[in-house]
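What's in input_37.csv: CSV, C-alpha atoms (C1' of nucleotides)
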```
chain,number,residue,atom,x,y,z
K,1,MET,CA,15.1,-18.5,14.2
K,2,ALA,CA,17.5,-20.3,12.0
K,3,THR,CA,20.1,-18.4,10.1
K,4,MET,CA,19.5,-20.8,7.2
K,5,PRO,CA,15.8,-21.0,6.9
K,6,ASN,CA,14.1,-24.1,5.8
K,7,PRO,CA,11.7,-23.2,3.0
K,8,GLN,CA,10.1,-26.7,3.2
K,9,SER,CA,8.1,-25.9,6.2
K,10,LYS,CA,5.3,-23.5,5.0
K,11,SER,CA,3.0,-21.3,6.9
K,12,VAL,CA,2.1,-23.5,9.8
K,13,PRO,CA,5.1,-23.8,12.1
K,14,LYS,CA,5.6,-26.7,14.4
K,15,PRO,CA,4.8,-26.0,18.1
K,16,GLY,CA,8.4,-26.6,19.0
K,17,PRO,CA,9.9,-27.4,22.3
K,18,ALA,CA,7.9,-26.6,25.5
K,19,LEU,CA,10.5,-24.0,26.3
K,20,ARG,CA,9.4,-21.7,23.5
K,21,ALA,CA,6.1,-20.6,25.1
K,22,GLU,CA,7.8,-20.1,28.3
K,23,SER,CA,10.5,-18.1,26.6
K,24,ALA,CA,8.0,-15.8,25.0
K,25,GLU,CA,6.5,-15.1,28.4
K,26,GLN,CA,9.9,-14.5,29.9
K,27,LEU,CA,10.7,-12.0,27.1
K,28,ILE,CA,7.4,-10.1,27.7
K,29,ARG,CA,8.1,-9.9,31.4
K,30,ARG,CA,11.7,-8.9,30.7
K,31,VAL,CA,10.5,-5.7,29.1
K,32,GLY,CA,8.3,-5.0,32.2
K,33,ALA,CA,5.0,-5.4,30.4
K,34,ARG,CA,1.8,-7.0,31.1
K,35,LEU,CA,1.5,-10.6,30.0
K,36,THR,CA,-1.6,-11.2,27.9
K,37,SER,CA,-2.6,-14.2,25.8
K,38,PRO,CA,-2.5,-12.3,22.5
K,39,ARG,CA,1.1,-11.1,23.2
K,40,SER,CA,2.2,-14.5,24.3
K,41,ALA,CA,0.6,-16.2,21.3
K,42,VAL,CA,1.9,-13.8,18.7
K,43,LEU,CA,5.4,-13.8,20.1
K,44,THR,CA,5.5,-17.6,20.3
K,45,LEU,CA,4.3,-17.8,16.7
K,46,LEU,CA,7.1,-15.5,15.6
K,47,GLN,CA,9.6,-17.5,17.5
K,48,SER,CA,8.7,-20.7,15.9
K,49,SER,CA,8.4,-19.5,12.4
K,50,ASP,CA,11.2,-19.9,10.0
K,51,HIS,CA,10.2,-16.9,7.9
K,52,ALA,CA,8.8,-13.5,8.5
K,53,LEU,CA,5.0,-13.5,9.0
K,54,SER,CA,2.5,-11.0,7.7
K,55,HIS,CA,-0.3,-9.7,9.8
K,56,GLN,CA,-2.6,-11.9,7.7
K,57,GLU,CA,-0.6,-15.0,8.4
K,58,VAL,CA,-0.5,-14.4,12.1
K,59,THR,CA,-4.2,-13.8,12.2
K,60,ASP,CA,-4.9,-16.9,10.2
K,61,ILE,CA,-2.7,-19.2,12.2
K,62,LEU,CA,-3.9,-17.8,15.5
K,63,ALA,CA,-7.6,-18.2,14.4
K,64,GLY,CA,-7.4,-21.9,15.2
K,65,GLN,CA,-5.9,-21.4,18.6
K,66,LEU,CA,-7.6,-18.5,20.3
K,67,HIS,CA,-9.9,-15.6,19.7
K,68,VAL,CA,-7.8,-12.6,18.9
K,69,ASP,CA,-9.1,-9.5,17.0
K,70,ARG,CA,-7.2,-8.5,13.9
K,71,VAL,CA,-6.7,-5.0,15.3
K,72,THR,CA,-5.2,-6.5,18.4
K,73,VAL,CA,-2.8,-8.5,16.2
K,74,TYR,CA,-1.7,-5.2,14.6
K,75,ARG,CA,-1.2,-3.6,17.9
K,76,VAL,CA,0.7,-6.5,19.4
K,77,LEU,CA,3.0,-6.7,16.4
K,78,ASP,CA,3.6,-2.9,16.6
K,79,TRP,CA,4.3,-3.3,20.3
K,80,LEU,CA,6.8,-6.1,19.7
K,81,VAL,CA,8.7,-3.9,17.3
K,82,GLU,CA,8.6,-1.0,19.7
K,83,GLN,CA,10.0,-3.2,22.4
K,84,GLY,CA,12.8,-4.5,20.1
K,85,LEU,CA,11.5,-8.1,20.3
K,86,ALA,CA,10.7,-8.2,16.6
K,87,HIS,CA,11.5,-6.3,13.5
K,88,ARG,CA,9.3,-5.2,10.6
K,89,ILE,CA,10.1,-5.8,7.0
K,90,SER,CA,8.5,-3.8,4.3
K,91,GLY,CA,7.7,-5.9,1.2
K,92,GLU,CA,7.0,-5.1,-2.4
K,93,ASP,CA,3.4,-6.1,-1.9
K,94,ARG,CA,2.8,-3.2,0.6
K,95,VAL,CA,2.5,-5.7,3.4
K,96,TRP,CA,4.5,-5.6,6.6
K,97,ARG,CA,6.1,-8.7,7.6
K,98,PHE,CA,7.4,-9.4,11.1
K,99,SER,CA,10.2,-11.5,12.3
K,100,MET,CA,11.9,-12.2,15.6
K,101,SER,CA,15.6,-12.6,15.3
K,102,ARG,CA,18.2,-13.9,17.8
K,103,PRO,CA,20.1,-10.6,17.7
K,104,ALA,CA,17.0,-8.6,18.4
K,105,ILE,CA,16.2,-10.8,21.4
K,106,ASN,CA,19.8,-10.6,22.7
K,107,ALA,CA,19.7,-6.9,22.2
K,108,ALA,CA,16.5,-6.7,24.2
K,109,ARG,CA,18.2,-8.7,27.0
K,110,SER,CA,21.2,-6.5,27.0
K,111,GLY,CA,19.2,-3.3,26.8
K,112,LYS,CA,20.2,-2.3,23.2
K,113,SER,CA,17.5,-1.3,20.8
K,114,GLY,CA,16.2,-3.9,18.5
K,115,ALA,CA,16.7,-1.7,15.5
K,116,GLU,CA,20.4,-1.4,16.4
K,117,ALA,CA,20.7,-5.2,16.5
K,118,HIS,CA,18.7,-5.6,13.3
K,119,ARG,CA,21.4,-5.4,10.8
K,120,HIS,CA,21.0,-8.3,8.4
K,121,ALA,CA,19.7,-8.9,4.9
K,122,HIS,CA,16.4,-10.4,3.9
K,123,PHE,CA,15.4,-12.6,1.0
K,124,ALA,CA,12.0,-12.2,-0.6
K,125,CYS,CA,10.9,-15.1,-2.8
K,126,LYS,CA,8.8,-13.9,-5.7
K,127,GLN,CA,7.3,-17.4,-6.1
K,128,CYS,CA,6.0,-18.3,-2.7
K,129,GLY,CA,6.0,-14.7,-1.4
K,130,GLN,CA,7.8,-15.6,1.8
K,131,THR,CA,10.5,-13.5,3.3
K,132,PHE,CA,13.5,-15.0,5.1
K,133,CYS,CA,16.0,-13.4,7.4
K,134,LEU,CA,19.6,-13.9,6.2
K,135,GLU,CA,21.3,-13.3,9.5
K,136,SER,CA,24.6,-14.3,8.2
K,137,ILE,CA,24.6,-11.5,5.6
K,138,PRO,CA,25.1,-8.1,7.3
K,139,ALA,CA,23.4,-5.0,6.0
K,140,ALA,CA,26.4,-2.8,6.6
K,141,LEU,CA,26.6,0.9,7.0
K,142,ASP,CA,30.0,1.1,5.3
K,143,VAL,CA,28.8,2.8,2.1
K,144,LYS,CA,30.1,6.2,1.0
K,145,LEU,CA,27.2,8.6,1.1
K,146,PRO,CA,27.2,12.1,-0.5
K,147,ALA,CA,28.5,14.8,1.9
K,148,GLY,CA,26.1,15.7,4.7
K,149,TYR,CA,24.0,12.6,4.5
K,150,ARG,CA,23.7,10.9,7.9
K,151,PRO,CA,22.8,7.2,7.7
K,152,GLU,CA,21.0,5.5,10.5
K,153,ALA,CA,19.8,2.2,9.1
K,154,VAL,CA,20.4,0.0,6.1
K,155,GLU,CA,17.8,-2.2,4.5
K,156,LEU,CA,19.1,-4.9,2.2
K,157,THR,CA,16.6,-7.1,0.5
K,158,ILE,CA,17.4,-9.7,-2.1
K,159,ARG,CA,14.6,-10.8,-4.4
K,160,GLY,CA,14.5,-14.0,-6.4
K,161,LEU,CA,13.6,-17.6,-5.9
K,162,CYS,CA,14.2,-19.3,-2.5
K,163,GLY,CA,15.7,-22.8,-2.1
K,164,HIS,CA,12.3,-24.4,-2.3
K,165,CYS,CA,10.9,-22.6,-5.3
K,166,LYS,CA,14.0,-22.5,-7.5
P,1,MET,CA,2.8,-2.9,-27.4
P,2,ALA,CA,5.4,-2.5,-30.1
P,3,THR,CA,9.0,-2.1,-28.9
P,4,MET,CA,10.4,-1.2,-32.2
P,5,PRO,CA,12.4,2.0,-31.8
P,6,ASN,CA,11.6,5.0,-33.8
P,7,PRO,CA,14.0,5.3,-36.7
P,8,GLN,CA,14.3,9.0,-36.1
P,9,SER,CA,17.4,9.2,-33.9
P,10,LYS,CA,18.6,12.4,-32.5
P,11,SER,CA,21.6,13.2,-30.4
P,12,VAL,CA,21.7,12.6,-26.6
P,13,PRO,CA,19.7,15.4,-25.0
P,14,LYS,CA,21.8,17.8,-22.9
P,15,PRO,CA,20.7,18.7,-19.4
P,16,GLY,CA,18.7,21.9,-19.4
P,17,PRO,CA,15.2,23.1,-18.6
P,18,ALA,CA,14.4,24.0,-22.2
P,19,LEU,CA,15.3,20.7,-23.7
P,20,ARG,CA,13.7,18.6,-21.0
P,21,ALA,CA,10.2,18.5,-22.3
P,22,GLU,CA,11.4,17.7,-25.8
P,23,SER,CA,13.5,14.9,-24.3
P,24,ALA,CA,10.5,13.3,-22.6
P,25,GLU,CA,8.7,13.2,-25.9
P,26,GLN,CA,11.7,11.7,-27.6
P,27,LEU,CA,11.9,9.0,-25.1
P,28,ILE,CA,8.2,8.2,-25.4
P,29,ARG,CA,8.5,7.9,-29.1
P,30,ARG,CA,11.7,5.9,-28.8
P,31,VAL,CA,9.7,3.1,-27.2
P,32,GLY,CA,7.3,3.2,-30.1
P,33,ALA,CA,4.3,4.4,-28.0
P,34,ARG,CA,1.6,7.0,-28.4
P,35,LEU,CA,2.5,10.5,-27.3
P,36,THR,CA,-0.1,11.8,-24.9
P,37,SER,CA,-0.1,14.8,-22.7
P,38,PRO,CA,-0.3,12.8,-19.4
P,39,ARG,CA,2.7,10.7,-20.4
P,40,SER,CA,4.7,13.6,-21.5
P,41,ALA,CA,3.8,15.6,-18.4
P,42,VAL,CA,4.6,12.8,-15.9
P,43,LEU,CA,7.9,11.9,-17.6
P,44,THR,CA,9.0,15.5,-17.8
P,45,LEU,CA,8.2,15.8,-14.1
P,46,LEU,CA,10.3,12.8,-13.2
P,47,GLN,CA,13.1,14.0,-15.3
P,48,SER,CA,13.2,17.4,-13.6
P,49,SER,CA,12.9,16.1,-10.0
P,50,ASP,CA,16.0,15.5,-7.9
P,51,HIS,CA,14.2,12.9,-5.8
P,52,ALA,CA,11.8,10.0,-6.4
P,53,LEU,CA,8.2,11.1,-6.6
P,54,SER,CA,5.2,9.4,-5.1
P,55,HIS,CA,2.0,9.1,-7.0
P,56,GLN,CA,0.5,11.7,-4.7
P,57,GLU,CA,3.3,14.2,-5.4
P,58,VAL,CA,3.0,13.7,-9.2
P,59,THR,CA,-0.8,14.2,-9.0
P,60,ASP,CA,-0.4,17.3,-6.8
P,61,ILE,CA,2.2,19.0,-9.0
P,62,LEU,CA,0.4,18.2,-12.2
P,63,ALA,CA,-2.9,19.5,-10.8
P,64,GLY,CA,-1.7,23.1,-11.5
P,65,GLN,CA,-0.6,22.3,-15.0
P,66,LEU,CA,-3.2,20.2,-16.7
P,67,HIS,CA,-6.2,18.0,-15.9
P,68,VAL,CA,-5.1,14.4,-15.3
P,69,ASP,CA,-7.0,11.8,-13.5
P,70,ARG,CA,-5.3,10.1,-10.6
P,71,VAL,CA,-5.9,6.7,-12.1
P,72,THR,CA,-4.2,7.9,-15.3
P,73,VAL,CA,-1.2,8.9,-13.3
P,74,TYR,CA,-1.1,5.4,-11.7
P,75,ARG,CA,-1.3,3.9,-15.2
P,76,VAL,CA,1.3,6.2,-16.7
P,77,LEU,CA,3.7,5.5,-13.9
P,78,ASP,CA,3.2,1.8,-14.2
P,79,TRP,CA,3.7,2.1,-17.9
P,80,LEU,CA,6.9,4.0,-17.5
P,81,VAL,CA,8.3,1.3,-15.3
P,82,GLU,CA,7.2,-1.3,-17.8
P,83,GLN,CA,9.0,0.5,-20.5
P,84,GLY,CA,12.1,0.8,-18.4
P,85,LEU,CA,12.0,4.6,-18.4
P,86,ALA,CA,11.5,4.8,-14.7
P,87,HIS,CA,11.9,2.6,-11.7
P,88,ARG,CA,9.7,2.0,-8.7
P,89,ILE,CA,10.9,2.2,-5.1
P,90,SER,CA,9.0,0.7,-2.2
P,91,GLY,CA,9.1,2.8,0.9
P,92,GLU,CA,8.5,2.3,4.5
P,93,ASP,CA,5.2,4.2,4.3
P,94,ARG,CA,3.7,1.6,1.9
P,95,VAL,CA,3.9,4.2,-0.9
P,96,TRP,CA,5.5,3.6,-4.2
P,97,ARG,CA,8.0,6.2,-5.4
P,98,PHE,CA,9.1,6.7,-8.9
P,99,SER,CA,12.3,7.9,-10.3
P,100,MET,CA,13.9,8.3,-13.7
P,101,SER,CA,17.6,7.5,-13.7
P,102,ARG,CA,20.2,8.1,-16.3
P,103,PRO,CA,21.2,4.4,-16.4
P,104,ALA,CA,17.5,3.5,-17.0
P,105,ILE,CA,17.3,5.9,-19.8
P,106,ASN,CA,20.5,4.7,-21.4
P,107,ALA,CA,19.3,1.2,-21.0
P,108,ALA,CA,16.1,2.0,-22.8
P,109,ARG,CA,18.1,3.5,-25.6
P,110,SER,CA,20.3,0.5,-25.9
P,111,GLY,CA,17.5,-2.0,-25.6
P,112,LYS,CA,18.4,-3.4,-22.1
P,113,SER,CA,15.6,-3.7,-19.6
P,114,GLY,CA,15.3,-0.9,-17.1
P,115,ALA,CA,15.3,-3.3,-14.2
P,116,GLU,CA,18.6,-4.6,-15.3
P,117,ALA,CA,20.1,-1.2,-15.4
P,118,HIS,CA,18.5,-0.3,-12.1
P,119,ARG,CA,21.1,-1.4,-9.7
P,120,HIS,CA,21.8,1.3,-7.3
P,121,ALA,CA,21.1,2.2,-3.7
P,122,HIS,CA,18.5,4.6,-2.4
P,123,PHE,CA,18.5,7.0,0.5
P,124,ALA,CA,15.3,7.6,2.3
P,125,CYS,CA,15.2,10.6,4.6
P,126,LYS,CA,13.1,10.1,7.7
P,127,GLN,CA,12.8,13.9,8.2
P,128,CYS,CA,11.5,15.1,4.9
P,129,GLY,CA,10.3,11.8,3.7
P,130,GLN,CA,12.1,12.1,0.3
P,131,THR,CA,13.9,9.3,-1.4
P,132,PHE,CA,17.0,9.9,-3.5
P,133,CYS,CA,18.8,7.7,-5.9
P,134,LEU,CA,22.4,7.1,-5.0
P,135,GLU,CA,23.6,6.1,-8.5
P,136,SER,CA,27.2,6.0,-7.4
P,137,ILE,CA,26.4,3.2,-4.9
P,138,PRO,CA,25.7,-0.1,-6.5
P,139,ALA,CA,23.3,-2.6,-5.2
P,140,ALA,CA,25.4,-5.5,-6.0
P,141,LEU,CA,24.5,-9.2,-6.2
P,142,ASP,CA,27.8,-10.4,-4.7
P,143,VAL,CA,26.4,-11.7,-1.5
P,144,LYS,CA,26.6,-15.4,-0.5
P,145,LEU,CA,23.2,-16.9,-0.3
P,146,PRO,CA,22.2,-20.2,1.3
P,147,ALA,CA,22.4,-23.1,-1.2
P,148,GLY,CA,19.7,-23.2,-3.7
P,149,TYR,CA,18.6,-19.5,-3.5
P,150,ARG,CA,18.5,-17.8,-6.8
P,151,PRO,CA,18.9,-14.0,-6.5
P,152,GLU,CA,17.4,-11.8,-9.2
P,153,ALA,CA,17.4,-8.3,-7.8
P,154,VAL,CA,18.9,-6.4,-4.9
P,155,GLU,CA,17.3,-3.6,-3.0
P,156,LEU,CA,19.5,-1.5,-0.9
P,157,THR,CA,17.9,1.4,1.0
P,158,ILE,CA,19.7,3.5,3.5
P,159,ARG,CA,17.6,5.4,5.9
P,160,GLY,CA,18.7,8.5,7.9
P,161,LEU,CA,18.9,12.2,7.4
P,162,CYS,CA,19.6,13.7,4.0
P,163,GLY,CA,22.0,16.5,3.4
P,164,HIS,CA,19.3,19.1,3.7
P,165,CYS,CA,17.7,17.8,7.0
P,166,LYS,CA,20.9,16.8,8.9
X,1,DG,C1',-8.1,17.0,-44.9
X,2,DG,C1',-11.1,12.9,-43.7
X,3,DT,C1',-11.8,8.2,-41.9
X,4,DC,C1',-10.8,4.3,-39.1
X,5,DT,C1',-8.8,1.5,-35.7
X,6,DT,C1',-6.6,0.8,-31.6
X,7,DC,C1',-4.9,2.4,-27.6
X,8,DC,C1',-5.5,5.8,-23.8
X,9,DT,C1',-8.0,8.5,-20.5
X,10,DG,C1',-11.7,9.8,-17.2
X,11,DC,C1',-15.0,8.5,-14.0
X,12,DA,C1',-17.1,5.7,-10.6
X,13,DA,C1',-16.8,2.1,-7.7
X,14,DC,C1',-14.0,-1.2,-5.5
X,15,DT,C1',-10.3,-3.8,-2.7
X,16,DC,C1',-7.6,-4.4,1.1
X,17,DA,C1',-3.9,-3.3,4.6
X,18,DT,C1',-3.7,-0.5,8.3
X,19,DT,C1',-5.5,3.0,11.7
X,20,DT,C1',-8.5,5.4,15.0
X,21,DG,C1',-12.1,6.0,18.6
X,22,DC,C1',-14.2,4.3,22.3
X,23,DA,C1',-16.3,1.3,25.6
X,24,DA,C1',-15.6,-3.0,28.1
X,25,DG,C1',-12.3,-6.2,30.1
X,26,DT,C1',-8.4,-7.6,32.9
X,27,DA,C1',-3.4,-8.0,34.6
X,28,DG,C1',-1.0,-6.9,38.4
X,29,DG,C1',0.1,-3.7,42.3
X,30,DC,C1',-1.8,-2.6,46.7
Y,1,DG,C1',-10.4,-8.8,47.0
Y,2,DC,C1',-10.3,-4.1,45.1
Y,3,DC,C1',-8.6,-0.4,41.9
Y,4,DT,C1',-6.5,1.6,38.3
Y,5,DA,C1',-4.0,1.8,34.2
Y,6,DC,C1',-3.1,-0.7,30.4
Y,7,DT,C1',-5.3,-4.0,26.8
Y,8,DT,C1',-8.6,-5.8,24.0
Y,9,DG,C1',-12.7,-6.1,20.9
Y,10,DC,C1',-15.7,-4.0,17.8
Y,11,DA,C1',-17.1,-0.7,14.4
Y,12,DA,C1',-16.0,2.6,11.3
Y,13,DA,C1',-12.7,5.2,8.9
Y,14,DT,C1',-8.5,6.1,6.0
Y,15,DG,C1',-5.8,6.0,2.1
Y,16,DA,C1',-2.9,3.8,-1.6
Y,17,DG,C1',-3.7,1.3,-5.3
Y,18,DT,C1',-7.0,-1.4,-8.8
Y,19,DT,C1',-10.7,-2.6,-12.0
Y,20,DG,C1',-14.5,-2.1,-15.5
Y,21,DC,C1',-16.2,0.4,-18.9
Y,22,DA,C1',-17.6,4.0,-22.1
Y,23,DG,C1',-16.0,8.0,-24.5
Y,24,DG,C1',-11.9,10.3,-26.6
Y,25,DA,C1',-8.0,11.0,-29.3
Y,26,DA,C1',-3.2,9.6,-31.5
Y,27,DG,C1',-1.5,8.0,-35.4
Y,28,DA,C1',-1.9,5.1,-39.7
Y,29,DC,C1',-3.9,5.0,-44.1
Y,30,DC,C1',-6.3,6.9,-47.9
```

Take the structure I supplied and represent it as structure tokens, if you would.
Amino acid sequence: MATMPNPQSKSVPKPGPALRAESAEQLIRRVGARLTSPRSAVLTLLQSSDHALSHQEVTDILAGQLHVDRVTVYRVLDWLVEQGLAHRISGEDRVWRFSMSRPAINAARSGKSGAEAHRHAHFACKQCGQTFCLESIPAALDVKLPAGYRPEAVELTIRGLCGHCK
Amino acid sequence: MATMPNPQSKSVPKPGPALRAESAEQLIRRVGARLTSPRSAVLTLLQSSDHALSHQEVTDILAGQLHVDRVTVYRVLDWLVEQGLAHRISGEDRVWRFSMSRPAINAARSGKSGAEAHRHAHFACKQCGQTFCLESIPAALDVKLPAGYRPEAVELTIRGLCGHCK
DNA sequence: GGTCTTCCTGCAACTCATTTGCAAGTAGGC
DNA sequence: GCCTACTTGCAAATGAGTTGCAGGAAGACC
């Protein structure tokens, strides 16, 4: 996924190079898991999307490609997060959004946890509702906390208007 | 809803249990709104809590004090946010939490919007589930966004173990 | 104190994202 | 090709938050 997202391309991502599907399968095998069509389809979708996708978006887009139950989509998304192949972003609309980021993939390859590699800011557009990863902006743990507080993760979300909606 | 402040102006309330209830009433009148027992009770509760409260927590605590419908609690909390007397924090568990912060109150007094004054980080403890305001840590808008992106608000949430759960 | 108007509250029913239970299906090891 | 453990599909449940509406009460006016 591009560090600088292109807001022009909306919900339906382009299929992309042939390598993408193969890459999704490779990643699934890399974690030693069973390769199934829902997993492959969801992961490929996340890979080719320039913004974080909600469960609803994934289900809608997949609906035209293959038959996948919505519960399965939930489970696959959870599983991808568990495996460190994707990360989950909580939005203001109480909807989870999922995104696959290069660092997460690299971390999975190198054995690090996805959470550990997932240290960047997000931008949530209040106009179009889309959420973009700002991988160039770190969500750093360098803040001074009150005594005794042990930080483990930082969530930095910027809200406003994206490049397309401004 | 009128926003004309009440002419009766009193001194800044001092911290202390006895003055707290009175202070909640003062604040409600300050925004020119009707003083009702649900509003007073919820605001007093937020004032006396050291952490952000969920709707469920507010309802539970209030249950032992007076009869308030859960829908009314939702509406009062929304109203407090609208008036800038409280702010709303979105958590990982898809539950809103509400907190009243000094800056927000001062902003209400000076006519500024609560959102404008609400520029601090939050700490979410994964052990006890509580969320605390870190008013000494600013959620600054000084990040470099991709061209065309217009930021309006920053949400900075640190997750980990709080001083009590460490 | 009494009346009136407008805003607020309580109640019931609803929405919708997400979860759970379970039986049927299938990927991959043997 | 067979088996077993892991996945999926379906139905139903959960739970936070919302909506519509009628009755109730805060506060203004007299």

Do me a favour and pick out the residues of chain Y within 10 Å of chain P, using only C-alpha atoms (C1' of nucleotides), as a PDB file with C-alpha atoms (C1' of nucleotides), in the coordinates of the input.
```pdb
ATOM      1  C1'  DA Y  16      -2.900   3.800  -1.600  1.00  0.00           C
ATOM      2  C1'  DG Y  17      -3.700   1.300  -5.300  1.00  0.00           C
ATOM      3  C1'  DT Y  18      -7.000  -1.400  -8.800  1.00  0.00           C
ATOM      4  C1'  DA Y  25      -8.000  11.000 -29.300  1.00  0.00           C
ATOM      5  C1'  DA Y  26      -3.200   9.600 -31.500  1.00  0.00           C
ATOM      6  C1'  DG Y  27      -1.500   8.000 -35.400  1.00  0.00           C
TER       7       DG Y  27
END
```

Which residues of chain P come within 7 Å of chain K, and for each one, what is the closest pair of atoms and their distance in Å to one decimal, counting only C-alpha atoms, sorted by chain and residue number, as a tab-separated table?
```
residue	atom	partner	partner_atom	distance
P:Ser90	CA	K:Glu92	CA	6.1
P:Glu92	CA	K:Ser90	CA	6.1
P:Arg94	CA	K:Arg94	CA	5.1
P:Pro146	CA	K:Met4	CA	6.5
P:Ala147	CA	K:Gly163	CA	6.8
P:Gly148	CA	K:Gly163	CA	4.3
P:Tyr149	CA	K:Cys162	CA	4.5
P:Arg150	CA	K:Leu161	CA	5.0
P:Pro151	CA	K:Gly160	CA	4.4
P:Glu152	CA	K:Gly160	CA	4.6
P:Ala153	CA	K:Arg159	CA	5.1
P:Val154	CA	K:Ile158	CA	4.6
P:Glu155	CA	K:Thr157	CA	5.0
P:Leu156	CA	K:Leu156	CA	4.6
P:Thr157	CA	K:Glu155	CA	5.0
P:Ile158	CA	K:Val154	CA	4.4
P:Arg159	CA	K:Ala153	CA	5.0
P:Gly160	CA	K:Pro151	CA	4.3
P:Leu161	CA	K:Arg150	CA	5.0
P:Cys162	CA	K:Tyr149	CA	4.6
P:Gly163	CA	K:Gly148	CA	4.4
P:Lys166	CA	K:Arg150	CA	6.6
```

Counting all atoms listed in the file, find the residues whose atoms lie at most 6 Å from (-3.2, -6.1, 30.9) (file coordinates) and write them out as a ChimeraX atom specification. /K:34 /X:26-27 /Y:6-7

Okay, now the selection with C-alpha atoms (C1' of nucleotides), as a compact mmCIF listing (two decimals), in the coordinates of the input?
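The resulting again18.txt:
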```
# COMPACT_ATOMS: atom_id res chain seq x y z
CA ARG K 34 1.80 -7.00 31.10
C1' DT X 26 -8.40 -7.60 32.90
C1' DA X 27 -3.40 -8.00 34.60
C1' DC Y 6 -3.10 -0.70 30.40
C1' DT Y 7 -5.30 -4.00 26.80
```

Within 10 Å of DC11 (chain X), counting all atoms listed in the file, which residues show up once you throw out same-chain ones fewer than 4 positions away? Write them as a list in words, please.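 Everything that qualifies: Asp69 and Val71 of chain P; DC21 and DA22 of chain Y.
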
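Closest approach to chain X from the set K:Arg119, K:Arg30, K:Val81, K:Ser54 is made by K:Ser54, with distances taken over only C-alpha atoms (C1' of nucleotides).
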
Do me a favour and pick out the residues of chain X within 9 Å of chain K, using all atoms listed in the file, as a VMD selection string. chain X and resid 17 to 19 27 to 28
